[in-house]
file my_file-v6.cif (mmCIF, C-alpha atoms and all ligand atoms)
data_protein
loop_
_atom_site.group_PDB
_atom_site.id
_atom_site.type_symbol
_atom_site.label_atom_id
_atom_site.label_comp_id
_atom_site.auth_asym_id
_atom_site.auth_seq_id
_atom_site.Cartn_x
_atom_site.Cartn_y
_atom_site.Cartn_z
ATOM 1 C CA MET F 1 -24.259 27.647 -80.641
ATOM 2 C CA SER F 2 -21.828 29.201 -83.049
ATOM 3 C CA GLN F 3 -22.023 27.565 -86.484
ATOM 4 C CA ASN F 4 -18.323 27.033 -86.736
ATOM 5 C CA MET F 5 -17.538 25.429 -83.406
ATOM 6 C CA ASN F 6 -15.462 22.331 -83.910
ATOM 7 C CA ILE F 7 -15.473 21.429 -80.210
ATOM 8 C CA THR F 8 -18.650 21.499 -78.154
ATOM 9 C CA GLY F 9 -17.683 20.264 -74.679
ATOM 10 C CA ILE F 10 -16.446 17.131 -72.913
ATOM 11 C CA HIS F 11 -17.162 13.815 -74.679
ATOM 12 C CA HIS F 12 -15.767 11.233 -72.230
ATOM 13 C CA ILE F 13 -13.129 10.817 -69.544
ATOM 14 C CA THR F 14 -11.079 7.623 -69.248
ATOM 15 C CA ALA F 15 -9.266 6.443 -66.126
ATOM 16 C CA LEU F 16 -7.059 3.578 -65.017
ATOM 17 C CA ALA F 17 -8.623 1.381 -62.349
ATOM 18 C CA GLY F 18 -7.594 -1.587 -60.220
ATOM 19 C CA ASP F 19 -10.204 -4.297 -59.697
ATOM 20 C CA ALA F 20 -12.885 -4.536 -62.427
ATOM 21 C CA GLN F 21 -15.704 -5.791 -60.175
ATOM 22 C CA LYS F 22 -15.133 -3.063 -57.577
ATOM 23 C CA ASN F 23 -15.136 -0.521 -60.386
ATOM 24 C CA LEU F 24 -18.454 -1.821 -61.750
ATOM 25 C CA ASP F 25 -19.977 -1.825 -58.248
ATOM 26 C CA PHE F 26 -18.884 1.732 -57.489
ATOM 27 C CA TYR F 27 -19.970 3.419 -60.714
ATOM 28 C CA THR F 28 -23.262 1.562 -61.266
ATOM 29 C CA GLY F 29 -24.029 0.972 -57.587
ATOM 30 C CA VAL F 30 -22.841 3.909 -55.486
ATOM 31 C CA LEU F 31 -22.914 6.580 -58.218
ATOM 32 C CA GLY F 32 -25.872 5.039 -60.068
ATOM 33 C CA LEU F 33 -24.599 5.414 -63.630
ATOM 34 C CA ARG F 34 -25.756 3.045 -66.348
ATOM 35 C CA PHE F 35 -23.342 0.332 -67.492
ATOM 36 C CA ILE F 36 -23.448 1.147 -71.207
ATOM 37 C CA LYS F 37 -20.682 -0.934 -72.713
ATOM 38 C CA LYS F 38 -18.594 -3.933 -71.743
ATOM 39 C CA THR F 39 -15.734 -4.210 -74.189
ATOM 40 C CA VAL F 40 -11.928 -4.432 -74.169
ATOM 41 C CA ASN F 41 -9.114 -1.949 -74.556
ATOM 42 C CA PHE F 42 -8.808 -2.054 -78.369
ATOM 43 C CA ASP F 43 -5.033 -1.530 -78.099
ATOM 44 C CA ASP F 44 -4.618 -4.166 -75.355
ATOM 45 C CA PRO F 45 -7.543 -6.637 -75.535
ATOM 46 C CA GLY F 46 -6.438 -8.542 -72.417
ATOM 47 C CA VAL F 47 -8.000 -5.728 -70.373
ATOM 48 C CA TYR F 48 -11.629 -4.619 -70.144
ATOM 49 C CA HIS F 49 -12.833 -1.228 -71.254
ATOM 50 C CA LEU F 50 -15.902 -0.440 -69.124
ATOM 51 C CA TYR F 51 -18.176 2.482 -70.033
ATOM 52 C CA TYR F 52 -20.733 4.192 -67.786
ATOM 53 C CA GLY F 53 -23.163 7.009 -68.554
ATOM 54 C CA ASP F 54 -26.791 8.041 -68.956
ATOM 55 C CA ASP F 55 -29.550 6.003 -70.681
ATOM 56 C CA ILE F 56 -27.717 5.794 -74.012
ATOM 57 C CA GLY F 57 -24.227 6.988 -73.123
ATOM 58 C CA SER F 58 -24.678 10.509 -74.462
ATOM 59 C CA PRO F 59 -21.471 12.466 -75.055
ATOM 60 C CA GLY F 60 -20.804 14.445 -71.896
ATOM 61 C CA SER F 61 -21.991 11.636 -69.612
ATOM 62 C CA ILE F 62 -19.439 8.946 -70.423
ATOM 63 C CA MET F 63 -16.931 7.849 -67.779
ATOM 64 C CA THR F 64 -14.763 4.915 -68.856
ATOM 65 C CA PHE F 65 -12.122 2.678 -67.251
ATOM 66 C CA PHE F 66 -9.312 0.321 -68.082
ATOM 67 C CA PRO F 67 -9.233 -1.917 -64.987
ATOM 68 C CA TYR F 68 -5.662 -3.203 -64.996
ATOM 69 C CA GLY F 69 -5.325 -5.591 -62.061
ATOM 70 C CA GLY F 70 -1.643 -5.498 -61.250
ATOM 71 C CA ILE F 71 -0.411 -1.971 -62.022
ATOM 72 C CA ARG F 72 0.911 0.486 -59.420
ATOM 73 C CA ARG F 73 -1.215 3.172 -57.874
ATOM 74 C CA GLY F 74 -0.879 6.543 -59.582
ATOM 75 C CA ARG F 75 -0.295 9.921 -57.970
ATOM 76 C CA HIS F 76 -2.233 13.125 -58.445
ATOM 77 C CA GLY F 77 -0.118 15.983 -59.734
ATOM 78 C CA THR F 78 0.649 18.254 -62.637
ATOM 79 C CA GLY F 79 0.200 16.926 -66.170
ATOM 80 C CA LEU F 80 -2.984 15.017 -65.289
ATOM 81 C CA VAL F 81 -6.702 15.560 -64.991
ATOM 82 C CA ASN F 82 -7.014 14.990 -61.228
ATOM 83 C CA THR F 83 -10.673 15.652 -60.534
ATOM 84 C CA THR F 84 -13.719 14.596 -62.529
ATOM 85 C CA THR F 85 -16.815 16.526 -61.529
ATOM 86 C CA PHE F 86 -20.387 15.348 -62.045
ATOM 87 C CA SER F 87 -23.496 17.494 -62.144
ATOM 88 C CA VAL F 88 -26.477 16.817 -59.842
ATOM 89 C CA PRO F 89 -29.521 18.933 -58.890
ATOM 90 C CA MET F 90 -29.244 21.509 -56.099
ATOM 91 C CA ASP F 91 -31.858 19.666 -54.013
ATOM 92 C CA ALA F 92 -29.742 16.525 -53.989
ATOM 93 C CA LEU F 93 -27.104 17.731 -51.505
ATOM 94 C CA GLY F 94 -28.578 16.034 -48.424
ATOM 95 C CA TYR F 95 -29.296 12.872 -50.379
ATOM 96 C CA TRP F 96 -25.693 12.517 -51.617
ATOM 97 C CA GLU F 97 -24.123 13.349 -48.252
ATOM 98 C CA LYS F 98 -26.135 10.508 -46.714
ATOM 99 C CA ARG F 99 -25.518 8.170 -49.641
ATOM 100 C CA LEU F 100 -21.726 8.570 -49.618
ATOM 101 C CA ASP F 101 -21.698 8.138 -45.823
ATOM 102 C CA ARG F 102 -23.905 5.059 -46.063
ATOM 103 C CA PHE F 103 -21.442 3.351 -48.406
ATOM 104 C CA ASP F 104 -18.447 4.489 -46.310
ATOM 105 C CA ILE F 105 -17.014 6.722 -49.030
ATOM 106 C CA PRO F 106 -14.770 9.286 -47.295
ATOM 107 C CA ARG F 107 -15.760 12.796 -48.378
ATOM 108 C CA LYS F 108 -15.099 16.412 -47.573
ATOM 109 C CA ASN F 109 -17.843 18.732 -46.396
ATOM 110 C CA ALA F 110 -19.705 20.813 -48.967
ATOM 111 C CA GLN F 111 -17.731 23.866 -50.126
ATOM 112 C CA GLU F 112 -18.385 26.801 -52.424
ATOM 113 C CA ARG F 113 -16.334 27.862 -55.445
ATOM 114 C CA LEU F 114 -16.171 30.742 -57.940
ATOM 115 C CA GLY F 115 -19.038 32.396 -56.053
ATOM 116 C CA LYS F 116 -21.542 30.137 -57.781
ATOM 117 C CA GLU F 117 -21.242 26.440 -57.141
ATOM 118 C CA VAL F 118 -21.570 24.117 -54.172
ATOM 119 C CA PHE F 119 -19.596 20.893 -54.343
ATOM 120 C CA ILE F 120 -18.447 17.834 -52.398
ATOM 121 C CA TYR F 121 -15.048 16.201 -53.023
ATOM 122 C CA PHE F 122 -14.551 12.449 -52.606
ATOM 123 C CA GLU F 123 -12.517 9.614 -54.112
ATOM 124 C CA ASP F 124 -13.377 6.169 -55.364
ATOM 125 C CA HIS F 125 -11.709 3.057 -53.839
ATOM 126 C CA ASP F 126 -8.733 3.520 -56.192
ATOM 127 C CA GLY F 127 -8.147 7.129 -55.133
ATOM 128 C CA LEU F 128 -9.616 8.709 -58.283
ATOM 129 C CA GLY F 129 -10.600 12.277 -57.417
ATOM 130 C CA MET F 130 -14.175 13.326 -58.059
ATOM 131 C CA GLU F 131 -16.788 15.835 -57.086
ATOM 132 C CA LEU F 132 -20.490 16.410 -57.272
ATOM 133 C CA VAL F 133 -21.587 19.948 -58.096
ATOM 134 C CA PHE F 134 -25.100 20.832 -56.924
ATOM 135 C CA ASN F 135 -26.795 23.183 -59.367
ATOM 136 C CA ASP F 136 -30.075 23.984 -61.096
ATOM 137 C CA LEU F 137 -28.626 24.864 -64.486
ATOM 138 C CA ASP F 138 -28.478 21.385 -65.981
ATOM 139 C CA GLU F 139 -31.231 20.428 -68.440
ATOM 140 C CA ARG F 140 -29.916 16.961 -69.223
ATOM 141 C CA LYS F 141 -31.817 13.777 -68.344
ATOM 142 C CA PRO F 142 -30.135 11.286 -66.013
ATOM 143 C CA TYR F 143 -30.167 7.477 -66.218
ATOM 144 C CA SER F 144 -33.807 6.700 -65.559
ATOM 145 C CA ASP F 145 -33.548 3.164 -64.167
ATOM 146 C CA GLY F 146 -30.615 3.176 -61.754
ATOM 147 C CA PRO F 147 -30.433 2.781 -57.968
ATOM 148 C CA VAL F 148 -30.412 6.584 -57.469
ATOM 149 C CA PRO F 149 -33.876 8.183 -57.909
ATOM 150 C CA PRO F 150 -33.856 10.295 -61.111
ATOM 151 C CA GLU F 151 -34.568 13.519 -59.170
ATOM 152 C CA TYR F 152 -31.165 13.145 -57.457
ATOM 153 C CA ALA F 153 -29.218 11.304 -60.156
ATOM 154 C CA ILE F 154 -26.076 12.400 -61.998
ATOM 155 C CA ARG F 155 -26.812 14.422 -65.168
ATOM 156 C CA GLY F 156 -23.397 13.969 -66.710
ATOM 157 C CA PHE F 157 -20.088 15.754 -66.289
ATOM 158 C CA TYR F 158 -19.979 19.233 -64.867
ATOM 159 C CA SER F 159 -16.256 19.887 -65.297
ATOM 160 C CA ALA F 160 -12.789 18.401 -65.320
ATOM 161 C CA GLU F 161 -9.802 19.766 -63.406
ATOM 162 C CA ILE F 162 -6.334 19.753 -64.929
ATOM 163 C CA TRP F 163 -3.329 20.519 -62.738
ATOM 164 C CA ALA F 164 -0.545 22.458 -64.431
ATOM 165 C CA SER F 165 2.562 24.277 -63.262
ATOM 166 C CA GLY F 166 1.260 27.277 -65.238
ATOM 167 C CA TYR F 167 -2.120 27.732 -66.906
ATOM 168 C CA GLU F 168 -0.936 29.817 -69.857
ATOM 169 C CA ARG F 169 0.184 27.233 -72.403
ATOM 170 C CA THR F 170 -2.767 24.898 -71.988
ATOM 171 C CA GLY F 171 -5.048 27.925 -71.766
ATOM 172 C CA ALA F 172 -3.669 29.305 -75.026
ATOM 173 C CA LEU F 173 -4.309 25.990 -76.773
ATOM 174 C CA LEU F 174 -7.879 25.818 -75.455
ATOM 175 C CA THR F 175 -8.724 29.392 -76.442
ATOM 176 C CA GLY F 176 -6.634 29.614 -79.627
ATOM 177 C CA LYS F 177 -7.354 26.264 -81.266
ATOM 178 C CA MET F 178 -10.100 24.473 -79.338
ATOM 179 C CA ASP F 179 -13.021 26.933 -79.268
ATOM 180 C CA HIS F 180 -12.839 27.642 -75.517
ATOM 181 C CA ARG F 181 -12.988 30.995 -73.705
ATOM 182 C CA LEU F 182 -11.627 31.915 -70.287
ATOM 183 C CA ILE F 183 -14.896 32.436 -68.400
ATOM 184 C CA GLY F 184 -13.794 32.658 -64.782
ATOM 185 C CA GLU F 185 -10.863 32.721 -62.415
ATOM 186 C CA SER F 186 -10.339 32.749 -58.706
ATOM 187 C CA GLY F 187 -6.983 32.397 -56.971
ATOM 188 C CA ASN F 188 -5.117 29.574 -58.689
ATOM 189 C CA ARG F 189 -8.161 28.310 -60.646
ATOM 190 C CA PHE F 190 -8.786 29.265 -64.290
ATOM 191 C CA ARG F 191 -12.046 28.147 -65.891
ATOM 192 C CA PHE F 192 -12.453 27.617 -69.608
ATOM 193 C CA ALA F 193 -15.535 26.573 -71.600
ATOM 194 C CA THR F 194 -16.933 26.340 -75.091
ATOM 195 C CA LEU F 195 -20.437 27.240 -73.875
ATOM 196 C CA ASP F 196 -21.110 28.361 -70.307
ATOM 197 C CA VAL F 197 -23.231 25.357 -69.293
ATOM 198 C CA PRO F 198 -22.595 22.252 -67.114
ATOM 199 C CA GLY F 199 -20.638 19.592 -68.967
ATOM 200 C CA ASN F 200 -18.305 22.024 -70.689
ATOM 201 C CA TYR F 201 -16.038 23.423 -68.004
ATOM 202 C CA ILE F 202 -12.302 22.802 -68.024
ATOM 203 C CA ASP F 203 -10.613 24.116 -64.902
ATOM 204 C CA ILE F 204 -6.862 24.549 -64.876
ATOM 205 C CA LEU F 205 -5.538 24.558 -61.343
ATOM 206 C CA VAL F 206 -2.003 25.724 -60.598
ATOM 207 C CA PRO F 207 -1.189 23.817 -57.381
ATOM 208 C CA SER F 208 1.074 25.342 -54.751
ATOM 209 C CA SER F 209 3.331 22.279 -54.717
ATOM 210 C CA ASN F 210 4.702 21.227 -58.049
ATOM 211 C CA THR F 211 4.341 17.442 -57.678
ATOM 212 C CA THR F 212 4.275 15.768 -61.067
ATOM 213 C CA GLY F 213 1.404 13.362 -61.622
ATOM 214 C CA LEU F 214 2.222 9.687 -62.051
ATOM 215 C CA SER F 215 0.104 7.415 -64.190
ATOM 216 C CA GLY F 216 -1.316 4.336 -62.450
ATOM 217 C CA TYR F 217 -4.635 3.121 -61.111
ATOM 218 C CA GLY F 218 -6.676 5.904 -59.572
ATOM 219 C CA THR F 219 -5.613 8.444 -62.205
ATOM 220 C CA ILE F 220 -7.141 9.752 -65.418
ATOM 221 C CA HIS F 221 -5.627 8.391 -68.612
ATOM 222 C CA HIS F 222 -7.098 10.982 -70.981
ATOM 223 C CA ILE F 223 -9.922 13.420 -71.531
ATOM 224 C CA ALA F 224 -11.898 13.473 -74.774
ATOM 225 C CA PHE F 225 -13.588 16.547 -76.216
ATOM 226 C CA ARG F 226 -16.657 16.340 -78.463
ATOM 227 C CA SER F 227 -16.562 17.212 -82.110
ATOM 228 C CA PRO F 228 -19.856 17.146 -84.037
ATOM 229 C CA ASP F 229 -18.663 15.080 -87.013
ATOM 230 C CA THR F 230 -15.652 13.810 -88.944
ATOM 231 C CA ASN F 231 -15.308 17.086 -90.883
ATOM 232 C CA SER F 232 -15.073 19.223 -87.775
ATOM 233 C CA GLN F 233 -12.696 16.654 -86.294
ATOM 234 C CA GLN F 234 -10.441 16.931 -89.369
ATOM 235 C CA GLU F 235 -10.411 20.719 -89.062
ATOM 236 C CA ILE F 236 -9.351 20.517 -85.437
ATOM 237 C CA ARG F 237 -6.709 17.940 -86.283
ATOM 238 C CA GLN F 238 -5.216 20.176 -88.979
ATOM 239 C CA SER F 239 -5.272 23.156 -86.722
ATOM 240 C CA ILE F 240 -3.588 21.233 -83.860
ATOM 241 C CA ARG F 241 -0.904 20.092 -86.294
ATOM 242 C CA GLN F 242 -0.246 23.621 -87.540
ATOM 243 C CA TYR F 243 0.062 24.650 -83.902
ATOM 244 C CA GLY F 244 3.067 22.310 -83.655
ATOM 245 C CA LEU F 245 1.476 19.446 -81.739
ATOM 246 C CA GLN F 246 1.376 15.877 -83.022
ATOM 247 C CA PRO F 247 -2.129 14.489 -83.431
ATOM 248 C CA THR F 248 -2.529 10.809 -84.339
ATOM 249 C CA PRO F 249 -4.368 9.805 -87.495
ATOM 250 C CA VAL F 250 -8.120 9.290 -87.070
ATOM 251 C CA ILE F 251 -8.664 5.982 -85.239
ATOM 252 C CA ASP F 252 -11.943 4.033 -85.360
ATOM 253 C CA ARG F 253 -13.093 3.323 -81.776
ATOM 254 C CA GLN F 254 -16.318 1.625 -82.907
ATOM 255 C CA TYR F 255 -18.549 4.023 -80.905
ATOM 256 C CA PHE F 256 -16.783 7.185 -82.097
ATOM 257 C CA LYS F 257 -13.790 8.222 -84.198
ATOM 258 C CA SER F 258 -10.780 9.517 -82.304
ATOM 259 C CA VAL F 259 -7.696 11.669 -82.650
ATOM 260 C CA TYR F 260 -5.212 11.893 -79.765
ATOM 261 C CA PHE F 261 -2.461 14.345 -78.923
ATOM 262 C CA ARG F 262 -0.568 15.491 -75.864
ATOM 263 C CA GLU F 263 -1.192 19.107 -74.882
ATOM 264 C CA PRO F 264 1.748 21.313 -73.805
ATOM 265 C CA GLY F 265 1.101 20.683 -70.086
ATOM 266 C CA GLY F 266 1.377 16.907 -70.592
ATOM 267 C CA VAL F 267 -2.285 15.819 -70.476
ATOM 268 C CA LEU F 268 -3.403 13.373 -73.161
ATOM 269 C CA PHE F 269 -6.274 14.974 -75.096
ATOM 270 C CA GLU F 270 -8.619 13.195 -77.495
ATOM 271 C CA ILE F 271 -11.085 14.607 -80.012
ATOM 272 C CA ALA F 272 -14.022 12.188 -80.362
ATOM 273 C CA THR F 273 -16.993 12.392 -82.723
ATOM 274 C CA ASP F 274 -20.566 12.259 -81.428
ATOM 275 C CA ALA F 275 -21.499 9.491 -83.887
ATOM 276 C CA PRO F 276 -22.161 6.624 -84.156
ATOM 277 C CA GLY F 277 -22.659 6.128 -80.398
ATOM 278 C CA PHE F 278 -23.209 3.059 -78.227
ATOM 279 C CA THR F 279 -26.307 1.679 -79.932
ATOM 280 C CA VAL F 280 -24.256 0.830 -83.028
ATOM 281 C CA ASP F 281 -23.766 -2.780 -81.810
ATOM 282 C CA GLU F 282 -26.411 -3.242 -79.076
ATOM 283 C CA ALA F 283 -30.080 -2.297 -78.772
ATOM 284 C CA PRO F 284 -30.714 0.629 -76.382
ATOM 285 C CA ASP F 285 -32.351 -1.649 -73.777
ATOM 286 C CA LYS F 286 -29.489 -4.161 -73.939
ATOM 287 C CA LEU F 287 -26.534 -1.805 -73.511
ATOM 288 C CA GLY F 288 -23.799 -3.257 -71.323
ATOM 289 C CA SER F 289 -25.343 -6.722 -71.161
ATOM 290 C CA GLU F 290 -22.718 -8.652 -73.130
ATOM 291 C CA LEU F 291 -19.043 -8.453 -73.994
ATOM 292 C CA ARG F 292 -18.856 -6.529 -77.270
ATOM 293 C CA LEU F 293 -15.768 -6.768 -79.471
ATOM 294 C CA PRO F 294 -14.895 -4.738 -82.560
ATOM 295 C CA PRO F 295 -14.695 -6.739 -85.814
ATOM 296 C CA HIS F 296 -10.887 -6.921 -85.744
ATOM 297 C CA HIS F 297 -10.946 -8.668 -82.346
ATOM 298 C CA GLU F 298 -14.103 -10.767 -82.846
ATOM 299 C CA PHE F 299 -12.229 -13.715 -84.390
ATOM 300 C CA ASN F 300 -10.283 -14.015 -81.158
ATOM 301 C CA ARG F 301 -13.323 -13.882 -78.846
ATOM 302 C CA LYS F 302 -12.813 -17.246 -77.100
ATOM 303 C CA HIS F 303 -9.227 -16.431 -76.194
ATOM 304 C CA ILE F 304 -10.061 -12.873 -75.095
ATOM 305 C CA GLU F 305 -13.022 -14.007 -72.948
ATOM 306 C CA SER F 306 -11.000 -16.673 -71.195
ATOM 307 C CA GLY F 307 -8.402 -14.096 -70.128
ATOM 308 C CA LEU F 308 -10.849 -11.626 -68.578
ATOM 309 C CA PRO F 309 -12.156 -11.867 -65.001
ATOM 310 C CA ALA F 310 -15.904 -12.598 -64.708
ATOM 311 C CA ILE F 311 -17.813 -9.495 -63.614
ATOM 312 C CA ALA F 312 -21.501 -8.956 -62.839
ATOM 313 C CA GLU F 313 -23.627 -5.928 -62.150
ATOM 314 C CA HIS F 314 -25.207 -5.667 -58.677
ATOM 315 C CA SER F 315 -26.560 -2.137 -58.890
ATOM 316 C CA LYS F 316 -30.044 -3.184 -57.715
ATOM 317 C CA SER F 317 -28.600 -3.985 -54.298
ATOM 318 C CA TYR F 318 -27.420 -0.349 -54.004
ATOM 319 C CA VAL F 319 -30.929 1.125 -54.017
HETATM 320 ZN ZN ZN F 401 -10.972 8.010 -75.107
#
call {"tool": "encode", "arguments": {"input": "my_file-v6.cif", "output": "structure tokens"}}
result
Amino acid sequence: MSQNMNITGIHHITALAGDAQKNLDFYTGVLGLRFIKKTVNFDDPGVYHLYYGDDIGSPGSIMTFFPYGGIRRGRHGTGLVNTTTFSVPMDALGYWEKRLDRFDIPRKNAQERLGKEVFIYFEDHDGLGMELVFNDLDERKPYSDGPVPPEYAIRGFYSAEIWASGYERTGALLTGKMDHRLIGESGNRFRFATLDVPGNYIDILVPSSNTTGLSGYGTIHHIAFRSPDTNSQQEIRQSIRQYGLQPTPVIDRQYFKSVYFREPGGVLFEIATDAPGFTVDEAPDKLGSELRLPPHHEFNRKHIESGLPAIAEHSKSYV
């Protein structure tokens, strides 16, 4: 890795969801991710913030949701990340085809892309677009105690797909200020990466119809990129500012420090630090077992708890 990289891949991806229990069942049960943190939206503590990932919620494995009950359904389109792609081993294709069918998850047949990857597209119950890419290039360890046997389990993200009416402006930001390179293109797909390994790919897709994305459940709220530490994060923030964009101040998200800004194509980007991680307020073997609140919401715990729907993990019944 280059010494002076300030961004080293995808950190987490956050989506809007409908029902919290269905969300928990799908991501821990059907997909077999670990429930790593039960907390609230720090900016709106009446709503859960649910985190899923590998054994400890390593950056690059973290999918998170704000399950707002009563909001409208969103619409895929430009200005949004529309597809979140997870990485699984090549041998797991038959297993996942059967598994998705068994749980009645509508899916497309396996397809090939960029001359190198085999993938299946499907959506969760809210309409959130996702894929599994089958590959033998991923060295990461999956969640070791989930309902999916580790030899078939999700390793983390493979890529994320942004839709844009043109790829140039977002592409220029990624390559000019965010340590990415254009590493592949085919038709209307442009692939960028910091390093050419699973977990780092950002695909910009220029769709044939120019439907604008609409935020709502079943859509991605933002994508966060990893930055090694607070110094590298500051450098990126300065550089984004000089570029003419408007990054927020550094915000403490308890499990990482964050800076947000909207990229020229309209997608909300975040730069999140690797540290301190999810074991900062729970032991590794207890992750996700209790509602965790940051200090500035802890005093209000009783009120917050009483406003949240009860949810429980049933992943063992998805074996
Ligand atoms: Zn975030």
call {"tool": "closest_residue", "arguments": {"input": "my_file-v6.cif", "among": "F:Leu268, F:Met130, F:Ile154, F:Val118", "to": "Ala224 in chain F", "atoms": "only C-alpha atoms"}}
result
F:Leu268
call {"tool": "residues_around", "arguments": {"input": "my_file-v6.cif", "residues": "Ile36 in chain F", "least_positions_apart": "5", "cutoff": "7 Å", "atoms": "only C-alpha atoms", "output": "VMD selection string"}}
result
chain F and resid 51 to 53 56 to 57 287 to 288
call {"tool": "write_last_selection", "arguments": {"input": "my_file-v6.cif", "atoms": "C-alpha atoms", "output": "PDB file, keeping the file's coordinate frame"}}
result
ATOM      1  CA  TYR F  51     -18.176   2.482 -70.033  1.00  0.00           C
ATOM      2  CA  TYR F  52     -20.733   4.192 -67.786  1.00  0.00           C
ATOM      3  CA  GLY F  53     -23.163   7.009 -68.554  1.00  0.00           C
ATOM      4  CA  ILE F  56     -27.717   5.794 -74.012  1.00  0.00           C
ATOM      5  CA  GLY F  57     -24.227   6.988 -73.123  1.00  0.00           C
ATOM      6  CA  LEU F 287     -26.534  -1.805 -73.511  1.00  0.00           C
ATOM      7  CA  GLY F 288     -23.799  -3.257 -71.323  1.00  0.00           C
TER       8      GLY F 288
END
call {"tool": "resolve_selection", "arguments": {"input": "my_file-v6.cif", "expression": "the PyMOL selection byres (((not hetatm)) within 12 of (chain F and resi 401))", "output": "CSV table (one decimal) with C-alpha atoms, in the coordinates of the input"}}
result
chain,number,residue,atom,x,y,z
F,10,ILE,CA,-16.4,17.1,-72.9
F,11,HIS,CA,-17.2,13.8,-74.7
F,12,HIS,CA,-15.8,11.2,-72.2
F,13,ILE,CA,-13.1,10.8,-69.5
F,14,THR,CA,-11.1,7.6,-69.2
F,15,ALA,CA,-9.3,6.4,-66.1
F,16,LEU,CA,-7.1,3.6,-65.0
F,41,ASN,CA,-9.1,-1.9,-74.6
F,42,PHE,CA,-8.8,-2.1,-78.4
F,43,ASP,CA,-5.0,-1.5,-78.1
F,49,HIS,CA,-12.8,-1.2,-71.3
F,50,LEU,CA,-15.9,-0.4,-69.1
F,51,TYR,CA,-18.2,2.5,-70.0
F,59,PRO,CA,-21.5,12.5,-75.1
F,62,ILE,CA,-19.4,8.9,-70.4
F,63,MET,CA,-16.9,7.8,-67.8
F,64,THR,CA,-14.8,4.9,-68.9
F,65,PHE,CA,-12.1,2.7,-67.3
F,66,PHE,CA,-9.3,0.3,-68.1
F,220,ILE,CA,-7.1,9.8,-65.4
F,221,HIS,CA,-5.6,8.4,-68.6
F,222,HIS,CA,-7.1,11.0,-71.0
F,223,ILE,CA,-9.9,13.4,-71.5
F,224,ALA,CA,-11.9,13.5,-74.8
F,225,PHE,CA,-13.6,16.5,-76.2
F,226,ARG,CA,-16.7,16.3,-78.5
F,251,ILE,CA,-8.7,6.0,-85.2
F,252,ASP,CA,-11.9,4.0,-85.4
F,253,ARG,CA,-13.1,3.3,-81.8
F,254,GLN,CA,-16.3,1.6,-82.9
F,255,TYR,CA,-18.5,4.0,-80.9
F,256,PHE,CA,-16.8,7.2,-82.1
F,257,LYS,CA,-13.8,8.2,-84.2
F,258,SER,CA,-10.8,9.5,-82.3
F,259,VAL,CA,-7.7,11.7,-82.6
F,260,TYR,CA,-5.2,11.9,-79.8
F,261,PHE,CA,-2.5,14.3,-78.9
F,268,LEU,CA,-3.4,13.4,-73.2
F,269,PHE,CA,-6.3,15.0,-75.1
F,270,GLU,CA,-8.6,13.2,-77.5
F,271,ILE,CA,-11.1,14.6,-80.0
F,272,ALA,CA,-14.0,12.2,-80.4
F,273,THR,CA,-17.0,12.4,-82.7
call {"tool": "resolve_selection", "arguments": {"input": "my_file-v6.cif", "expression": "the PyMOL selection byres (((chain F and resi 106-117) around 7) and not hetatm)", "output": "list in words"}}
result
Asp104, Ile105, Val118, Phe119, Ile120, Tyr121, Phe122, Val133, Phe134, Asn135 and Ser186 of chain F
call {"tool": "resolve_selection", "arguments": {"input": "my_file-v6.cif", "expression": "the PyMOL selection byres (((chain F and resi 201) around 6) and not hetatm)", "output": "list in words"}}
result
Ser159, Phe192, Ala193, Asn200 and Ile202 of chain F
call {"tool": "closest_residue", "arguments": {"input": "my_file-v6.cif", "among": "F:Ile240, F:Val81, F:Val280, F:Met90", "to": "Gly129 in chain F", "atoms": "all atoms listed in the file"}}
result
F:Val81
call {"tool": "closest_residue", "arguments": {"input": "my_file-v6.cif", "among": "F:Pro45, F:Pro295, F:Gly244, F:Gly156", "to": "Gly199 in chain F", "atoms": "only C-alpha atoms"}}
result
F:Gly156
call {"tool": "residues_near_point", "arguments": {"input": "my_file-v6.cif", "point": "(-7.3, 23.6, -73.3)", "cutoff": "8 Å", "atoms": "only C-alpha atoms", "output": "ChimeraX atom specification"}}
result
/F:170-175,178,180,192,202,263
call {"tool": "closest_residue", "arguments": {"input": "my_file-v6.cif", "among": "F:Ile183, F:Leu293, F:Ile304, F:Ile7", "to": "Arg237 in chain F", "atoms": "only C-alpha atoms"}}
result
F:Ile7
call {"tool": "atom_distance", "arguments": {"input": "my_file-v6.cif", "atom1": "CA of Gly74 in chain F", "atom2": "CA of Glu131 in chain F"}}
result
18.6 Å
call {"tool": "closest_residue", "arguments": {"input": "my_file-v6.cif", "among": "F:Asp91, F:Val250, F:Tyr143, F:Thr8", "to": "Gln238 in chain F", "atoms": "all atoms listed in the file"}}
result
F:Val250
call {"tool": "closest_residue", "arguments": {"input": "my_file-v6.cif", "among": "F:Phe157, F:Phe278, F:Tyr167, F:Phe190", "to": "Pro264 in chain F", "atoms": "all atoms listed in the file"}}
result
F:Tyr167
call {"tool": "atom_distance", "arguments": {"input": "my_file-v6.cif", "atom1": "CA of Gln234 in chain F", "atom2": "CA of Leu195 in chain F"}}
result
21.1 Å
call {"tool": "residues_around", "arguments": {"input": "my_file-v6.cif", "residues": "Arg292 in chain F", "least_positions_apart": "6", "cutoff": "8 Å", "atoms": "all atoms listed in the file", "output": "list in words"}}
result
Lys37, Lys38, Thr39, Val40 and Asp281 of chain F
call {"tool": "atom_distance", "arguments": {"input": "my_file-v6.cif", "atom1": "CA of Ala275 in chain F", "atom2": "CA of Asp229 in chain F"}}
result
7.0 Å
call {"tool": "residues_around", "arguments": {"input": "my_file-v6.cif", "residues": "Asn210 in chain F", "least_positions_apart": "6", "cutoff": "8 Å", "atoms": "only C-alpha atoms", "output": "NGL selection string"}}
result
:F and (77-78 or 165)
